[in-house]
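Visitor: model_39.txt is reproduced in full below (compact mmCIF, C-alpha atoms).
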# COMPACT_ATOMS: atom_id res chain seq x y z
CA MET A 1 -35.05 -38.71 52.90
CA THR A 2 -31.55 -39.07 51.50
CA SER A 3 -28.93 -38.04 53.99
CA LYS A 4 -27.17 -34.80 53.09
CA LYS A 5 -23.56 -34.69 52.00
CA VAL A 6 -21.27 -33.52 54.78
CA ILE A 7 -18.99 -30.48 54.67
CA ALA A 8 -16.34 -30.40 57.39
CA VAL A 9 -15.67 -26.83 58.55
CA PHE A 10 -12.32 -26.23 60.24
CA GLY A 11 -12.01 -23.37 62.71
CA ALA A 12 -15.78 -23.41 63.12
CA THR A 13 -15.71 -21.37 66.34
CA GLY A 14 -13.58 -18.64 64.76
CA ALA A 15 -14.78 -15.67 62.71
CA GLN A 16 -14.34 -17.15 59.22
CA GLY A 17 -15.21 -20.76 60.02
CA GLY A 18 -18.20 -19.70 62.13
CA SER A 19 -19.59 -17.56 59.33
CA VAL A 20 -19.17 -20.45 56.86
CA ALA A 21 -20.71 -23.06 59.17
CA ARG A 22 -23.78 -20.88 59.85
CA ALA A 23 -24.31 -20.02 56.17
CA ILE A 24 -24.11 -23.67 55.07
CA LEU A 25 -26.55 -24.67 57.82
CA GLU A 26 -28.93 -21.90 56.69
CA SER A 27 -28.79 -22.99 53.04
CA LYS A 28 -29.88 -26.49 54.15
CA LYS A 29 -28.15 -28.14 51.15
CA PHE A 30 -25.35 -29.80 53.11
CA ALA A 31 -24.84 -31.15 56.62
CA VAL A 32 -22.09 -29.44 58.64
CA ARG A 33 -19.40 -31.14 60.69
CA ALA A 34 -18.02 -28.26 62.76
CA LEU A 35 -14.42 -28.76 63.88
CA THR A 36 -12.96 -26.93 66.84
CA ARG A 37 -10.19 -27.46 69.35
CA ASP A 38 -12.64 -27.00 72.22
CA VAL A 39 -16.14 -28.47 71.78
CA THR A 40 -17.36 -26.81 75.01
CA ARG A 41 -16.85 -23.24 73.78
CA PRO A 42 -20.06 -21.15 73.64
CA ASN A 43 -19.69 -20.75 69.85
CA ALA A 44 -19.46 -24.54 69.48
CA LEU A 45 -22.66 -25.02 71.51
CA VAL A 46 -24.47 -22.45 69.34
CA LEU A 47 -23.51 -24.39 66.20
CA ARG A 48 -24.70 -27.62 67.78
CA ASP A 49 -28.06 -25.97 68.54
CA LEU A 50 -28.27 -24.88 64.89
CA GLY A 51 -27.88 -28.49 63.78
CA ALA A 52 -24.16 -28.98 63.23
CA GLU A 53 -22.28 -32.07 64.31
CA VAL A 54 -19.57 -30.58 66.54
CA VAL A 55 -16.31 -32.52 66.64
CA LYS A 56 -12.90 -31.93 68.15
CA GLY A 57 -10.42 -31.23 65.38
CA ASP A 58 -6.72 -30.43 65.55
CA LEU A 59 -4.85 -29.27 62.43
CA ASN A 60 -1.55 -30.42 63.94
CA ASP A 61 -2.67 -34.03 64.31
CA GLU A 62 -3.06 -36.32 61.30
CA ALA A 63 -5.38 -38.80 63.02
CA SER A 64 -7.64 -35.94 64.08
CA VAL A 65 -7.75 -34.48 60.54
CA GLU A 66 -8.45 -37.94 59.13
CA ALA A 67 -11.35 -38.49 61.54
CA ALA A 68 -12.68 -35.02 60.72
CA LEU A 69 -12.71 -35.65 56.96
CA LYS A 70 -13.82 -39.28 56.93
CA GLY A 71 -17.01 -39.68 54.91
CA ALA A 72 -17.16 -35.94 54.11
CA TYR A 73 -18.05 -34.64 50.64
CA GLY A 74 -16.10 -31.41 51.11
CA ALA A 75 -14.33 -29.15 53.58
CA PHE A 76 -13.75 -25.50 54.37
CA VAL A 77 -10.21 -24.99 55.61
CA VAL A 78 -8.87 -21.92 57.39
CA THR A 79 -5.52 -21.74 59.19
CA SER A 80 -4.40 -18.97 61.51
CA PHE A 81 -0.89 -17.58 61.17
CA TRP A 82 -1.56 -15.18 64.05
CA ASP A 83 -2.04 -18.05 66.53
CA HIS A 84 1.67 -18.90 66.36
CA HIS A 85 3.36 -16.42 63.94
CA SER A 86 4.98 -19.34 62.10
CA LYS A 87 4.71 -19.63 58.33
CA GLU A 88 6.24 -23.13 58.51
CA LYS A 89 3.57 -24.30 60.94
CA GLU A 90 0.78 -22.87 58.79
CA VAL A 91 2.17 -24.57 55.67
CA CYS A 92 2.43 -27.90 57.56
CA GLN A 93 -1.19 -27.65 58.68
CA GLY A 94 -2.45 -26.83 55.18
CA LYS A 95 -0.44 -29.58 53.51
CA LEU A 96 -1.63 -32.12 56.07
CA VAL A 97 -5.28 -31.34 55.22
CA ALA A 98 -4.44 -31.50 51.50
CA ASP A 99 -2.80 -34.92 51.84
CA VAL A 100 -5.69 -36.36 53.85
CA ALA A 101 -8.30 -34.81 51.50
CA LYS A 102 -6.50 -36.41 48.55
CA ARG A 103 -6.29 -39.81 50.25
CA LEU A 104 -9.96 -39.80 51.25
CA GLY A 105 -11.13 -38.51 47.86
CA LEU A 106 -12.92 -35.32 48.95
CA LYS A 107 -14.89 -33.79 46.08
CA HIS A 108 -14.54 -30.08 46.93
CA VAL A 109 -12.30 -28.22 49.35
CA VAL A 110 -12.70 -24.46 49.80
CA TYR A 111 -9.47 -23.09 51.23
CA SER A 112 -9.07 -19.65 52.77
CA GLY A 113 -5.93 -18.75 50.87
CA LEU A 114 -3.94 -15.68 49.82
CA GLU A 115 -1.25 -14.83 47.30
CA ASN A 116 2.33 -16.08 47.61
CA VAL A 117 3.74 -12.54 47.66
CA LYS A 118 7.35 -13.65 47.95
CA ARG A 119 7.04 -15.65 44.74
CA LEU A 120 5.02 -12.97 42.93
CA THR A 121 7.56 -10.23 43.74
CA GLY A 122 10.65 -12.38 43.10
CA GLY A 123 11.59 -12.19 46.79
CA LYS A 124 11.36 -8.37 47.04
CA LEU A 125 8.47 -8.53 49.49
CA GLU A 126 7.81 -11.13 52.13
CA VAL A 127 4.39 -11.28 53.80
CA GLU A 128 4.50 -14.48 55.80
CA HIS A 129 0.78 -14.69 56.60
CA PHE A 130 0.10 -14.47 52.84
CA ASP A 131 3.05 -16.50 51.55
CA GLY A 132 2.33 -19.63 53.60
CA LYS A 133 -1.28 -19.71 52.41
CA GLY A 134 -0.04 -19.19 48.84
CA GLU A 135 2.27 -22.19 49.18
CA VAL A 136 -0.60 -24.31 50.47
CA GLU A 137 -2.86 -23.24 47.58
CA GLU A 138 -0.20 -24.36 45.10
CA TYR A 139 0.23 -27.65 46.97
CA PHE A 140 -3.51 -28.48 46.95
CA TRP A 141 -3.66 -27.98 43.20
CA SER A 142 -0.35 -29.71 42.49
CA ILE A 143 -1.48 -32.97 44.14
CA GLY A 144 -4.84 -32.83 42.38
CA VAL A 145 -7.28 -32.03 45.19
CA PRO A 146 -10.46 -30.42 43.77
CA MET A 147 -10.05 -27.06 45.51
CA THR A 148 -11.29 -23.48 45.29
CA SER A 149 -9.25 -20.83 47.05
CA VAL A 150 -11.00 -17.75 48.46
CA ARG A 151 -8.68 -14.79 48.96
CA LEU A 152 -10.18 -12.25 51.32
CA ALA A 153 -9.74 -8.50 51.32
CA ALA A 154 -8.80 -6.64 54.52
CA TYR A 155 -11.38 -7.21 57.26
CA PHE A 156 -13.70 -4.32 58.09
CA GLU A 157 -13.62 -5.78 61.62
CA ASN A 158 -10.00 -4.56 61.99
CA PHE A 159 -11.33 -0.98 62.09
CA LEU A 160 -13.04 -1.86 65.39
CA THR A 161 -9.82 -3.20 66.93
CA MET A 162 -6.23 -2.68 65.80
CA TRP A 163 -7.10 -0.08 63.14
CA LYS A 164 -9.36 2.01 65.36
CA PRO A 165 -9.12 5.78 64.87
CA VAL A 166 -6.59 7.27 67.29
CA LYS A 167 -6.88 10.70 68.94
CA ALA A 168 -4.42 13.14 67.41
CA SER A 169 -1.90 14.67 69.80
CA ASP A 170 -2.11 18.10 68.19
CA GLY A 171 -5.81 18.81 67.94
CA ASP A 172 -9.42 17.76 68.32
CA TYR A 173 -9.49 15.10 65.63
CA TYR A 174 -8.65 11.43 65.09
CA THR A 175 -6.40 9.66 62.61
CA LEU A 176 -6.34 6.38 60.72
CA ALA A 177 -2.74 5.26 60.36
CA LEU A 178 -2.76 2.81 57.44
CA PRO A 179 0.01 3.27 54.87
CA MET A 180 -1.94 3.17 51.61
CA GLY A 181 -1.37 6.69 50.26
CA ASP A 182 -4.22 7.42 47.83
CA ILE A 183 -4.52 3.82 46.64
CA PRO A 184 -7.92 2.25 47.40
CA MET A 185 -7.86 -0.76 49.74
CA ASP A 186 -10.34 -3.60 49.31
CA GLY A 187 -12.31 -4.56 52.39
CA ILE A 188 -15.03 -6.97 53.50
CA SER A 189 -16.76 -8.03 56.70
CA VAL A 190 -15.79 -11.52 57.86
CA ALA A 191 -19.46 -12.12 58.67
CA ASP A 192 -20.29 -11.89 54.94
CA ILE A 193 -17.85 -14.60 53.88
CA GLY A 194 -20.00 -17.56 54.87
CA ALA A 195 -22.71 -16.98 52.27
CA VAL A 196 -20.04 -16.57 49.56
CA VAL A 197 -18.43 -19.91 50.46
CA SER A 198 -21.84 -21.59 50.66
CA SER A 199 -22.59 -20.38 47.09
CA ILE A 200 -19.21 -21.73 45.91
CA PHE A 201 -20.02 -25.18 47.33
CA ASN A 202 -23.32 -25.03 45.43
CA SER A 203 -21.53 -24.33 42.09
CA PRO A 204 -18.52 -26.66 41.96
CA ALA A 205 -18.36 -26.73 38.17
CA GLU A 206 -17.80 -22.97 38.04
CA PHE A 207 -15.24 -22.68 40.83
CA LEU A 208 -13.14 -25.85 41.12
CA GLY A 209 -9.46 -25.16 40.46
CA LYS A 210 -9.89 -21.39 40.78
CA ALA A 211 -8.77 -18.65 43.14
CA VAL A 212 -11.55 -16.17 43.91
CA GLY A 213 -10.68 -12.71 45.29
CA LEU A 214 -13.40 -11.37 47.60
CA SER A 215 -14.17 -7.72 48.37
CA ALA A 216 -17.22 -5.66 49.34
CA GLU A 217 -15.69 -2.38 48.18
CA ALA A 218 -12.39 -0.57 47.68
CA LEU A 219 -11.95 2.77 49.45
CA THR A 220 -9.01 5.07 50.05
CA ILE A 221 -7.99 5.52 53.69
CA GLN A 222 -9.51 9.03 53.57
CA GLN A 223 -12.79 7.51 52.36
CA TYR A 224 -12.72 5.00 55.24
CA ALA A 225 -12.00 7.98 57.53
CA ASP A 226 -14.96 9.91 56.07
CA VAL A 227 -17.34 7.03 56.82
CA LEU A 228 -16.02 6.86 60.40
CA SER A 229 -16.31 10.67 60.81
CA LYS A 230 -19.95 10.59 59.77
CA SER A 231 -20.75 7.68 62.05
CA LEU A 232 -18.85 8.95 65.11
CA GLY A 233 -19.69 12.63 64.68
CA LYS A 234 -15.97 13.32 65.12
CA GLU A 235 -13.40 14.26 62.52
CA VAL A 236 -11.26 11.34 61.36
CA ARG A 237 -8.38 11.93 58.92
CA ASP A 238 -5.94 9.77 57.01
CA ALA A 239 -2.68 10.07 58.97
CA LYS A 240 -0.76 9.83 55.65
CA ILE A 241 1.76 7.46 57.20
CA THR A 242 4.30 5.79 54.88
CA PRO A 243 5.02 2.04 54.91
CA GLU A 244 8.55 2.94 56.11
CA ALA A 245 7.19 4.85 59.11
CA TYR A 246 4.59 2.16 59.76
CA GLU A 247 7.12 -0.65 60.03
CA LYS A 248 9.02 1.37 62.65
CA LEU A 249 5.97 1.59 64.94
CA GLY A 250 7.49 -1.34 66.76
CA PHE A 251 4.43 -3.40 67.64
CA PRO A 252 4.65 -7.18 66.97
CA GLY A 253 4.01 -7.76 63.28
CA ALA A 254 4.55 -4.11 62.23
CA GLU A 255 7.00 -5.04 59.50
CA GLU A 256 4.83 -7.94 58.33
CA LEU A 257 1.82 -5.61 58.00
CA ALA A 258 3.85 -2.84 56.33
CA ASN A 259 4.78 -5.39 53.65
CA MET A 260 1.13 -6.42 53.37
CA PHE A 261 0.20 -2.79 52.66
CA ARG A 262 3.03 -2.59 50.12
CA PHE A 263 1.48 -5.60 48.42
CA TYR A 264 -1.96 -3.93 48.55
CA HIS A 265 -0.38 -1.02 46.63
CA MET A 266 0.02 -3.53 43.78
CA LYS A 267 -3.79 -3.93 43.70
CA PRO A 268 -4.20 -7.69 44.11
CA ASP A 269 -7.17 -9.14 42.27
CA ARG A 270 -10.34 -8.82 44.34
CA ASP A 271 -13.65 -9.09 42.49
CA ILE A 272 -16.41 -6.93 43.97
CA LYS A 273 -18.98 -7.87 41.32
CA LEU A 274 -18.43 -11.60 41.81
CA THR A 275 -18.55 -11.20 45.60
CA TYR A 276 -22.00 -9.58 45.33
CA ARG A 277 -23.19 -12.26 42.91
CA LEU A 278 -22.20 -14.95 45.43
CA ASN A 279 -23.65 -13.04 48.39
CA PRO A 280 -26.10 -10.28 47.36
CA LYS A 281 -26.32 -9.15 51.02
CA VAL A 282 -22.64 -8.18 51.33
CA LYS A 283 -22.35 -5.03 53.45
CA THR A 284 -20.54 -1.85 52.43
CA PHE A 285 -18.18 -0.28 54.96
CA SER A 286 -20.74 2.33 55.93
CA GLN A 287 -23.43 -0.33 56.53
CA PHE A 288 -20.91 -2.35 58.54
CA ILE A 289 -19.94 0.63 60.72
CA SER A 290 -23.53 1.68 61.35
CA GLU A 291 -24.28 -1.88 62.53
CA ASN A 292 -21.19 -1.96 64.76
CA GLN A 293 -21.23 1.53 66.25
CA GLY A 294 -21.28 0.11 69.76
CA ALA A 295 -17.77 -1.27 69.26
CA LEU A 296 -16.46 2.27 68.65
CA LYS A 297 -18.05 3.75 71.78
CA GLY A 298 -15.63 5.62 73.95
CA ILE A 299 -13.63 7.00 71.03
Written as structure tokens, that's how I'd like the structure from this file.

Guide:
Amino acid sequence: MTSKKVIAVFGATGAQGGSVARAILESKKFAVRALTRDVTRPNALVLRDLGAEVVKGDLNDEASVEAALKGAYGAFVVTSFWDHHSKEKEVCQGKLVADVAKRLGLKHVVYSGLENVKRLTGGKLEVEHFDGKGEVEEYFWSIGVPMTSVRLAAYFENFLTMWKPVKASDGDYYTLALPMGDIPMDGISVADIGAVVSSIFNSPAEFLGKAVGLSAEALTIQQYADVLSKSLGKEVRDAKITPEAYEKLGFPGAEELANMFRFYHMKPDRDIKLTYRLNPKVKTFSQFISENQGALKGI
């Protein structure tokens, strides 16, 4: 039996990396080297049981990245702005992987990227957790690493946490306070990303050098609210909040997210048809909510 080519998966114990590692293991076409900062985490042990090689990997350390990528055919790379809220740090991490991938001659990197909003809007809008990833995308391509960027839509999972419906103060109903007006917002479940990335690794000729926008569906905030109303048996309405009011909510990252929603108003390119072709089992928002009703208990 010829040994399988290895794909190194960064952030393998996180939501995106974990989904990718599991999907590649299931497809059985590649071997997985799962990289995580803590190899003793329960998620790391699960991946080991599924057949992954689990290795300590640190995106801030060149020797660690080099060891992680040595002998690998490809890699899935995801960085997390929200771990440190530093665009500079995220750009450094991404460029480090790009440099090492170039030096070691990796054949296919799939990078979890996003648009460089600052560049696209001529500096009018700054969305740091997008812009840094956009800079890294450009860097990968500029130094000639064979790379596909996947740009994800808003996570459905956010509706179970920070975007949960909130009880209205003036009546027996709930509101969703996301400043989109009547413009549909693309969404996808993080759990469905793995199979998409696995398909991309299986079709390098089609996807190398491209940015692929992923989305399960695009709904208005009222349509998201309608799905939640049906599932919860309680009325949920669009709060009709403006980006200006949203950025004054004062929680950490409020301004950053208000600018993200302003960018969403510009309808960034997310391809629902292609997403379904790459993963025919992608869930709609209503399927996602019916599978995750437990997380909304107590509302």

Visitor: Would you mind telling me which residue in A:Cys92, A:Leu257, A:Val227, A:Ala75 lies nearest to A:Phe159 when using all atoms listed in the file?

Guide: A:Val227

Visitor: Looking at only C-alpha atoms, which of A:Val100, A:Val110, A:Ile193, A:Met180 is the one that sits closest to A:Arg22?

Guide: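 Answer, going by the shortest atom-to-atom distance: A:Ile193.
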
Visitor: Under the rule of at most 12 Å, produce a per-residue listing of stretch 198-296 of chain A near stretch 1-11 of chain A: chain, number, name, the closest pair of atoms, and the distance in Å, as a Markdown table, using all atoms listed in the file.

Guide:
| residue | atom | partner | partner_atom | distance |
| --- | --- | --- | --- | --- |
| A:Ser198 | CA | A:Ile7 | CA | 10.2 |
| A:Phe201 | CA | A:Ile7 | CA | 9.1 |
| A:Asn202 | CA | A:Ile7 | CA | 11.6 |

Visitor: Atoms to include: C-alpha atoms. Write the selected residues as a PDB file, in the coordinates of the input.

Guide:
ATOM      1  CA  SER A 198     -21.840 -21.590  50.660  1.00  0.00           C
ATOM      2  CA  PHE A 201     -20.020 -25.180  47.330  1.00  0.00           C
ATOM      3  CA  ASN A 202     -23.320 -25.030  45.430  1.00  0.00           C
TER       4      ASN A 202
END

Visitor: Identify which of the residues A:Gly209, A:Gly122, A:Gly294, A:Pro280 lies closest to A:Ser231, counting all atoms listed in the file when measuring atom-to-atom distances.

Guide: A:Gly294

Visitor: Enter the distance from atom CA of A:Ser199 to atom CA of A:Leu104, in Å, rounded to one decimal.

Guide: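 Value for the atom CA of A:Ser199-atom CA of A:Leu104 distance: 23.5 Å.
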
Visitor: Find the spatial neighbours of A:Leu125, counting only C-alpha atoms, within a cut-off of 9 Å - ignore same-chain residues fewer than 3 positions away - and output them as a list in words.

Guide: Val117, Lys118, Arg119, Leu120, Thr121, Gly122, Asn259, Met260, Arg262 and Phe263 of chain A

Visitor: Which one of A:Val46, A:Val236, A:Leu274, A:Ala211 sits closest to A:Val109 if you count all atoms listed in the file?

Guide: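 Using all atoms listed in the file, A:Val109 sits closest to A:Ala211.
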
Visitor: So how far away is atom CA of A:Ala154 from atom CA of A:Val136, in Å?

Guide: 19.9 Å

Visitor: If you count all atoms listed in the file, which residues fall within 9 Å of A:Gly105, apart from same-chain ones fewer than 3 positions away, as a PyMOL selection string?

Guide: chain A and resi 73+100-102+145

Visitor: Once you have the residues from the selection above, write them out as an mmCIF file, in the frame of the given file, restricted to C-alpha atoms.

Guide:
data_model
loop_
_atom_site.group_PDB
_atom_site.id
_atom_site.type_symbol
_atom_site.label_atom_id
_atom_site.label_comp_id
_atom_site.auth_asym_id
_atom_site.auth_seq_id
_atom_site.Cartn_x
_atom_site.Cartn_y
_atom_site.Cartn_z
ATOM 1 C CA TYR A 73 -18.050 -34.640 50.640
ATOM 2 C CA VAL A 100 -5.690 -36.360 53.850
ATOM 3 C CA ALA A 101 -8.300 -34.810 51.500
ATOM 4 C CA LYS A 102 -6.500 -36.410 48.550
ATOM 5 C CA VAL A 145 -7.280 -32.030 45.190
#

Visitor: What's the separation between atom CA of A:Ser215 and atom CA of A:Glu157, in Å to one decimal place?

Guide: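 Here the two named atoms are 13.4 Å from each other.
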
Visitor: Neighbouring residues of A:Leu232 were defined as those with any atom within 9 Å, considering all atoms listed in the file; residues of the same chain fewer than 5 positions away were excluded. Please report them as a count of residues only.

Guide: 5

Visitor: Find the smallest box with edges along x, y and z containing every listed atom of stretch 14-20 of chain A, then add 3 Å on each side and report centre and edge lengths in Å to one decimal, as AutoDock Vina command-line options.

Guide:
--center_x -16.6 --center_y -18.2 --center_z 60.8 --size_x 12.0 --size_y 11.1 --size_z 13.9

Visitor: Which one of A:Val55, A:Met162, A:Leu176, A:Leu50 sits closest to A:Ser229 if you count all atoms listed in the file?

Guide: A:Leu176

Visitor: Emit a file covering stretch 129-175 of chain A of the preceding structure with C-alpha atoms, as an mmCIF file, in the first residue's frame.

Guide:
data_model
loop_
_atom_site.group_PDB
_atom_site.id
_atom_site.type_symbol
_atom_site.label_atom_id
_atom_site.label_comp_id
_atom_site.auth_asym_id
_atom_site.auth_seq_id
_atom_site.Cartn_x
_atom_site.Cartn_y
_atom_site.Cartn_z
ATOM 1 C CA HIS A 129 -10.385 40.486 11.298
ATOM 2 C CA PHE A 130 -11.060 40.549 7.533
ATOM 3 C CA ASP A 131 -8.246 42.865 6.434
ATOM 4 C CA GLY A 132 -5.413 40.850 7.995
ATOM 5 C CA LYS A 133 -6.615 37.657 6.317
ATOM 6 C CA GLY A 134 -6.920 39.584 3.034
ATOM 7 C CA GLU A 135 -3.302 40.721 3.341
ATOM 8 C CA VAL A 136 -2.188 37.151 3.981
ATOM 9 C CA GLU A 137 -4.132 35.869 0.945
ATOM 10 C CA GLU A 138 -2.339 38.397 -1.255
ATOM 11 C CA TYR A 139 1.018 37.439 0.263
ATOM 12 C CA PHE A 140 0.540 33.686 -0.363
ATOM 13 C CA TRP A 141 -0.214 34.336 -4.016
ATOM 14 C CA SER A 142 2.480 36.987 -4.459
ATOM 15 C CA ILE A 143 5.265 34.616 -3.364
ATOM 16 C CA GLY A 144 3.904 31.819 -5.544
ATOM 17 C CA VAL A 145 2.510 29.334 -3.021
ATOM 18 C CA PRO A 146 -0.150 27.118 -4.671
ATOM 19 C CA MET A 147 -3.066 28.283 -2.519
ATOM 20 C CA THR A 148 -6.862 28.304 -2.491
ATOM 21 C CA SER A 149 -8.567 30.764 -0.173
ATOM 22 C CA VAL A 150 -11.952 29.878 1.325
ATOM 23 C CA ARG A 151 -13.935 32.909 2.477
ATOM 24 C CA LEU A 152 -16.674 31.931 4.877
ATOM 25 C CA ALA A 153 -20.052 33.546 5.372
ATOM 26 C CA ALA A 154 -21.285 34.483 8.857
ATOM 27 C CA TYR A 155 -21.441 31.436 11.134
ATOM 28 C CA PHE A 156 -24.879 30.054 11.970
ATOM 29 C CA GLU A 157 -23.262 29.069 15.289
ATOM 30 C CA ASN A 158 -23.178 32.773 16.280
ATOM 31 C CA PHE A 159 -26.976 32.670 16.609
ATOM 32 C CA LEU A 160 -26.515 30.240 19.519
ATOM 33 C CA THR A 161 -24.086 32.555 21.326
ATOM 34 C CA MET A 162 -23.441 36.257 20.763
ATOM 35 C CA TRP A 163 -26.349 36.724 18.323
ATOM 36 C CA LYS A 164 -28.925 34.907 20.444
ATOM 37 C CA PRO A 165 -32.423 36.420 20.420
ATOM 38 C CA VAL A 166 -32.824 38.859 23.325
ATOM 39 C CA LYS A 167 -36.044 39.411 25.302
ATOM 40 C CA ALA A 168 -37.620 42.736 24.408
ATOM 41 C CA SER A 169 -38.063 45.181 27.278
ATOM 42 C CA ASP A 170 -41.456 46.351 26.057
ATOM 43 C CA GLY A 171 -43.375 43.165 25.389
ATOM 44 C CA ASP A 172 -43.575 39.404 25.151
ATOM 45 C CA TYR A 173 -41.271 38.934 22.186
ATOM 46 C CA TYR A 174 -37.569 38.634 21.353
ATOM 47 C CA THR A 175 -35.303 40.585 19.020
#
